[in-house]
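Colleague: Contents of input38.pdb (PDB, C-alpha atoms) are given next:
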```
ATOM      1  CA  MET Z 231     -26.448 -25.609  -8.072
ATOM      2  CA  ALA Z 232     -26.294 -22.054  -6.917
ATOM      3  CA  PRO Z 233     -26.443 -18.694  -8.690
ATOM      4  CA  GLY Z 234     -23.226 -17.104  -9.940
ATOM      5  CA  LEU Z 235     -20.917 -20.122 -10.018
ATOM      6  CA  ARG Z 236     -17.442 -19.727 -11.482
ATOM      7  CA  VAL Z 237     -17.760 -23.080 -13.264
ATOM      8  CA  LEU Z 238     -20.626 -25.459 -13.919
ATOM      9  CA  PHE Z 239     -19.319 -28.876 -15.013
ATOM     10  CA  CYS Z 240     -21.537 -30.767 -17.431
ATOM     11  CA  GLY Z 241     -21.109 -34.473 -18.112
ATOM     12  CA  PHE Z 242     -22.986 -36.951 -20.295
ATOM     13  CA  ASN Z 243     -24.860 -38.756 -17.502
ATOM     14  CA  PRO Z 244     -24.178 -40.563 -14.243
ATOM     15  CA  GLY Z 245     -22.382 -43.879 -14.465
ATOM     16  CA  THR Z 246     -23.896 -46.831 -12.649
ATOM     17  CA  ARG Z 247     -21.934 -46.253  -9.419
ATOM     18  CA  SER Z 248     -22.741 -42.525  -9.454
ATOM     19  CA  GLY Z 249     -26.394 -43.366 -10.011
ATOM     20  CA  ALA Z 250     -26.369 -45.886  -7.182
ATOM     21  CA  ILE Z 251     -24.853 -43.543  -4.592
ATOM     22  CA  GLY Z 252     -26.348 -40.287  -5.917
ATOM     23  CA  HIS Z 253     -23.085 -38.409  -6.485
ATOM     24  CA  ASN Z 254     -21.470 -37.516  -9.823
ATOM     25  CA  TYR Z 255     -18.023 -38.729 -10.900
ATOM     26  CA  ALA Z 256     -18.071 -41.557  -8.345
ATOM     27  CA  GLY Z 257     -16.754 -44.341 -10.579
ATOM     28  CA  ARG Z 258     -13.721 -46.043  -9.061
ATOM     29  CA  GLY Z 259     -11.429 -45.051 -11.941
ATOM     30  CA  ASN Z 260     -12.837 -41.547 -12.382
ATOM     31  CA  GLN Z 261     -10.215 -38.837 -11.948
ATOM     32  CA  PHE Z 262     -12.551 -35.828 -11.651
ATOM     33  CA  TRP Z 263     -12.000 -35.094  -7.967
ATOM     34  CA  ARG Z 264      -8.234 -35.534  -8.244
ATOM     35  CA  LEU Z 265      -8.148 -33.238 -11.296
ATOM     36  CA  LEU Z 266     -10.070 -30.547  -9.384
ATOM     37  CA  ALA Z 267      -7.586 -30.649  -6.522
ATOM     38  CA  ASP Z 268      -4.436 -30.964  -8.633
ATOM     39  CA  SER Z 269      -5.515 -28.077 -10.899
ATOM     40  CA  GLY Z 270      -6.235 -25.778  -7.963
ATOM     41  CA  LEU Z 271      -9.986 -25.583  -8.599
ATOM     42  CA  THR Z 272     -10.445 -26.979  -5.086
ATOM     43  CA  PRO Z 273      -7.953 -26.557  -2.242
ATOM     44  CA  ARG Z 274      -8.065 -30.241  -1.318
ATOM     45  CA  LEU Z 275      -9.139 -33.594  -2.684
ATOM     46  CA  LEU Z 276     -12.877 -34.055  -2.259
ATOM     47  CA  ALA Z 277     -14.723 -37.363  -2.226
ATOM     48  CA  PRO Z 278     -17.767 -37.763  -4.482
ATOM     49  CA  GLU Z 279     -19.954 -37.719  -1.364
ATOM     50  CA  GLU Z 280     -18.664 -34.200  -0.678
ATOM     51  CA  ASP Z 281     -19.986 -32.878  -3.991
ATOM     52  CA  ARG Z 282     -22.053 -30.169  -2.264
ATOM     53  CA  THR Z 283     -18.791 -28.769  -0.892
ATOM     54  CA  MET Z 284     -17.989 -27.734  -4.485
ATOM     55  CA  LEU Z 285     -20.405 -24.820  -4.039
ATOM     56  CA  GLN Z 286     -18.016 -23.263  -1.481
ATOM     57  CA  TYR Z 287     -15.466 -22.997  -4.293
ATOM     58  CA  GLY Z 288     -17.888 -21.599  -6.867
ATOM     59  CA  LEU Z 289     -18.262 -24.936  -8.667
ATOM     60  CA  GLY Z 290     -21.284 -27.021  -9.586
ATOM     61  CA  SER Z 291     -22.076 -30.163 -11.525
ATOM     62  CA  THR Z 292     -24.843 -31.420 -13.782
ATOM     63  CA  ASN Z 293     -25.398 -33.826 -16.669
ATOM     64  CA  LEU Z 294     -27.095 -33.672 -20.050
ATOM     65  CA  VAL Z 295     -29.042 -36.829 -19.161
ATOM     66  CA  GLY Z 296     -30.095 -37.850 -15.658
ATOM     67  CA  ARG Z 297     -30.404 -41.582 -16.387
ATOM     68  CA  ALA Z 298     -27.510 -43.695 -15.093
ATOM     69  CA  THR Z 299     -25.924 -46.125 -17.573
ATOM     70  CA  PRO Z 300     -22.762 -48.242 -17.670
ATOM     71  CA  SER Z 301     -21.495 -46.129 -20.574
ATOM     72  CA  ALA Z 302     -22.420 -42.880 -22.318
ATOM     73  CA  ALA Z 303     -22.589 -45.000 -25.478
ATOM     74  CA  ASP Z 304     -25.870 -46.342 -24.071
ATOM     75  CA  LEU Z 305     -27.501 -42.929 -24.607
ATOM     76  CA  SER Z 306     -29.274 -42.045 -27.837
ATOM     77  CA  ARG Z 307     -28.581 -38.838 -29.751
ATOM     78  CA  ALA Z 308     -32.204 -37.847 -29.166
ATOM     79  CA  GLU Z 309     -31.758 -38.313 -25.411
ATOM     80  CA  LEU Z 310     -28.625 -36.167 -25.440
ATOM     81  CA  ARG Z 311     -30.216 -33.418 -27.534
ATOM     82  CA  ALA Z 312     -33.275 -33.451 -25.243
ATOM     83  CA  GLY Z 313     -30.927 -32.616 -22.361
ATOM     84  CA  VAL Z 314     -29.954 -29.266 -23.888
ATOM     85  CA  GLY Z 315     -33.263 -27.607 -22.937
ATOM     86  CA  PRO Z 316     -32.960 -28.393 -19.229
ATOM     87  CA  LEU Z 317     -29.270 -27.401 -19.331
ATOM     88  CA  ARG Z 318     -30.257 -24.078 -20.927
ATOM     89  CA  ALA Z 319     -32.849 -23.473 -18.199
ATOM     90  CA  LEU Z 320     -30.288 -24.304 -15.502
ATOM     91  CA  VAL Z 321     -27.718 -21.939 -17.020
ATOM     92  CA  GLU Z 322     -30.217 -19.123 -17.543
ATOM     93  CA  THR Z 323     -31.480 -19.428 -13.970
ATOM     94  CA  ASN Z 324     -28.090 -19.713 -12.269
ATOM     95  CA  ARG Z 325     -25.808 -17.767 -14.667
ATOM     96  CA  PRO Z 326     -22.469 -19.552 -14.165
ATOM     97  CA  ARG Z 327     -19.518 -17.739 -15.738
ATOM     98  CA  ILE Z 328     -18.253 -20.911 -17.449
ATOM     99  CA  VAL Z 329     -19.856 -24.187 -18.475
ATOM    100  CA  ALA Z 330     -17.094 -26.804 -18.588
ATOM    101  CA  TYR Z 331     -18.006 -29.880 -20.604
ATOM    102  CA  THR Z 332     -16.224 -32.985 -19.337
ATOM    103  CA  GLY Z 333     -15.270 -34.433 -22.691
ATOM    104  CA  LYS Z 334     -15.533 -33.394 -26.314
ATOM    105  CA  GLY Z 335     -18.413 -35.791 -26.844
ATOM    106  CA  VAL Z 336     -20.546 -34.000 -24.252
ATOM    107  CA  TYR Z 337     -19.898 -30.623 -25.842
ATOM    108  CA  LEU Z 338     -20.446 -31.899 -29.384
ATOM    109  CA  ALA Z 339     -23.753 -33.479 -28.356
ATOM    110  CA  ALA Z 340     -24.917 -30.281 -26.639
ATOM    111  CA  ALA Z 341     -23.744 -27.988 -29.440
ATOM    112  CA  GLY Z 342     -24.780 -30.232 -32.304
ATOM    113  CA  LEU Z 343     -21.313 -29.922 -33.810
ATOM    114  CA  GLY Z 344     -19.024 -32.439 -35.484
ATOM    115  CA  GLN Z 345     -15.763 -31.257 -33.975
ATOM    116  CA  ALA Z 346     -14.283 -28.959 -31.332
ATOM    117  CA  ALA Z 347     -10.928 -28.212 -29.775
ATOM    118  CA  TRP Z 348      -9.990 -28.516 -26.126
ATOM    119  CA  GLY Z 349     -10.315 -25.354 -24.076
ATOM    120  CA  GLU Z 350     -12.400 -22.237 -24.508
ATOM    121  CA  GLN Z 351     -14.797 -22.355 -27.437
ATOM    122  CA  PRO Z 352     -15.091 -19.395 -29.826
ATOM    123  CA  VAL Z 353     -18.850 -19.056 -29.270
ATOM    124  CA  GLY Z 354     -20.819 -20.087 -26.210
ATOM    125  CA  LEU Z 355     -24.086 -21.983 -26.418
ATOM    126  CA  PHE Z 356     -25.647 -19.588 -23.915
ATOM    127  CA  ASP Z 357     -25.428 -15.789 -24.073
ATOM    128  CA  GLY Z 358     -22.790 -14.344 -21.784
ATOM    129  CA  VAL Z 359     -21.466 -17.750 -20.663
ATOM    130  CA  VAL Z 360     -18.100 -19.162 -21.714
ATOM    131  CA  ASP Z 361     -18.017 -22.755 -22.980
ATOM    132  CA  PHE Z 362     -14.853 -24.658 -22.076
ATOM    133  CA  VAL Z 363     -14.095 -28.262 -23.039
ATOM    134  CA  VAL Z 364     -11.896 -30.351 -20.745
ATOM    135  CA  PRO Z 365     -10.959 -33.991 -21.322
ATOM    136  CA  SER Z 366     -13.176 -36.660 -19.857
ATOM    137  CA  PRO Z 367     -12.046 -37.511 -16.332
ATOM    138  CA  SER Z 368     -13.121 -41.108 -16.853
ATOM    139  CA  GLY Z 369     -10.428 -43.644 -16.222
ATOM    140  CA  LEU Z 370     -11.479 -45.179 -19.557
ATOM    141  CA  ALA Z 371     -10.464 -42.024 -21.462
ATOM    142  CA  ARG Z 372      -7.115 -42.729 -23.120
ATOM    143  CA  LEU Z 373      -5.544 -39.303 -22.631
ATOM    144  CA  PRO Z 374      -2.687 -39.367 -20.099
ATOM    145  CA  TYR Z 375      -3.451 -37.840 -16.711
ATOM    146  CA  ALA Z 376      -0.893 -35.045 -17.260
ATOM    147  CA  GLU Z 377      -2.713 -33.955 -20.430
ATOM    148  CA  LYS Z 378      -6.078 -33.981 -18.674
ATOM    149  CA  LEU Z 379      -4.570 -31.950 -15.859
ATOM    150  CA  ARG Z 380      -3.173 -29.413 -18.326
ATOM    151  CA  TRP Z 381      -6.700 -28.606 -19.524
ATOM    152  CA  PHE Z 382      -8.206 -28.571 -16.043
ATOM    153  CA  ALA Z 383      -5.427 -26.166 -14.992
ATOM    154  CA  ALA Z 384      -6.202 -23.974 -18.024
ATOM    155  CA  LEU Z 385      -9.826 -23.950 -16.890
ATOM    156  CA  ALA Z 386      -8.742 -22.975 -13.390
ATOM    157  CA  GLY Z 387      -6.733 -20.097 -14.844
ATOM    158  CA  ARG Z 388      -9.697 -18.940 -16.938
ATOM    159  CA  ALA Z 389     -12.089 -19.228 -13.987
ATOM    160  CA  GLY Z 390      -9.868 -17.016 -11.813
TER
END
```
Taking this structure as input, can you express it in the form of structure tokens?
Modeller:
Amino acid sequence: MAPGLRVLFCGFNPGTRSGAIGHNYAGRGNQFWRLLADSGLTPRLLAPEEDRTMLQYGLGSTNLVGRATPSAADLSRAELRAGVGPLRALVETNRPRIVAYTGKGVYLAAAGLGQAAWGEQPVGLFDGVVDFVVPSPSGLARLPYAEKLRWFAALAGRAG
């Protein structure tokens, strides 16, 4: 994290591989790093171990829950809701322009809502910060890669 990021990505929690190596979006089928590069958010494909390099491009990453699990389904609603306070503190301290939730489920858990659309949300959870929902980059997410990329590219356009 660093102050003034263009985009802070927020996921559910680290998967088991990410937890083991200490870098987010490290699962073998995860498309996060490829989506960043293909959308133009980063100028080249980064490896999960290069996650600190994201800061050079005005990007950061966090999770609602720090505990690694095989699946986000292993997290309780209470655990997810408890993650909103630390996320709020992180956002208020660092003031990113956009918080991009990597999946509708992450955003719905943070916002306490029942539904949301892809893209920019009408009201942000944090004053002066845009909320933007992109599809989950997980290889398990059923959306085709081209559709995921469309939303990551829209985020890139919004982030400037």
Colleague: Which residues, written as a ChimeraX atom specification, have at least one atom at most 9 Å from Leu310 (chain Z), with all atoms listed in the file counted and residues fewer than 5 positions away on the same chain left out?
Modeller: /Z:242,294-295,305,336,339-340
Colleague: Have a look at Z:Thr323, Z:Thr283, Z:Ser269, Z:Ser301 and name the one nearest to Glu377 (chain Z); count all atoms listed in the file.
Modeller: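 Of Z:Thr323, Z:Thr283, Z:Ser269, Z:Ser301, the one nearest Glu377 (chain Z), counting all atoms listed in the file, is Z:Ser269.
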Colleague: Report, in Å with one decimal, the straight-line distance from CA of Leu265 (chain Z) to CA of Gly335 (chain Z).
Modeller: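 Atom-to-atom, CA of Leu265 (chain Z) and CA of Gly335 (chain Z) are spaced 18.8 Å apart.
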Colleague: Care to translate the PyMOL selection byres ((chain Z and resi 237) around 12) into actual residues of this file, as a PyMOL selection string?
Modeller: chain Z and resi 231-236+238-240+266+271-272+284-292+321+324-332+359-364+382+385-390
Colleague: Going by the chain IDs and residue numbers used in this file, which residues fall under the PyMOL selection byres ((chain Z and resi 249-259) around 10)? Write them as a list in words.
Modeller: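 With the shown file as input, the PyMOL selection byres ((chain Z and resi 249-259) around 10) matches Gly241, Asn243, Pro244, Gly245, Thr246, Arg247, Ser248, Asn260, Gln261, Phe262, Trp263, Ala277, Pro278, Glu279, Glu280, Asp281, Arg282, Ser291, Thr292, Asn293, Gly296, Arg297, Ala298, Thr299, Pro300, Pro367, Ser368, Gly369 and Leu370 of chain Z.
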Colleague: Measure the distance from CA of Leu317 (chain Z) to CA of Ala347 (chain Z) in Å and round it to one decimal.
Modeller: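 One can read the CA of Leu317 (chain Z) to CA of Ala347 (chain Z) distance as 21.1 Å.
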Colleague: Distance CA of Pro365 (chain Z)-CA of Gly333 (chain Z), one decimal place?
Modeller: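 Rounded to one decimal, the two atoms are 4.5 Å apart.
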Colleague: Scan for residues within 8 Å of the point (-30.4, -19.4, -25.9) in the coordinates of the file, using all atoms listed in the file, and reply as a list in words.
Modeller: Arg318, Leu355, Phe356 and Asp357 of chain Z
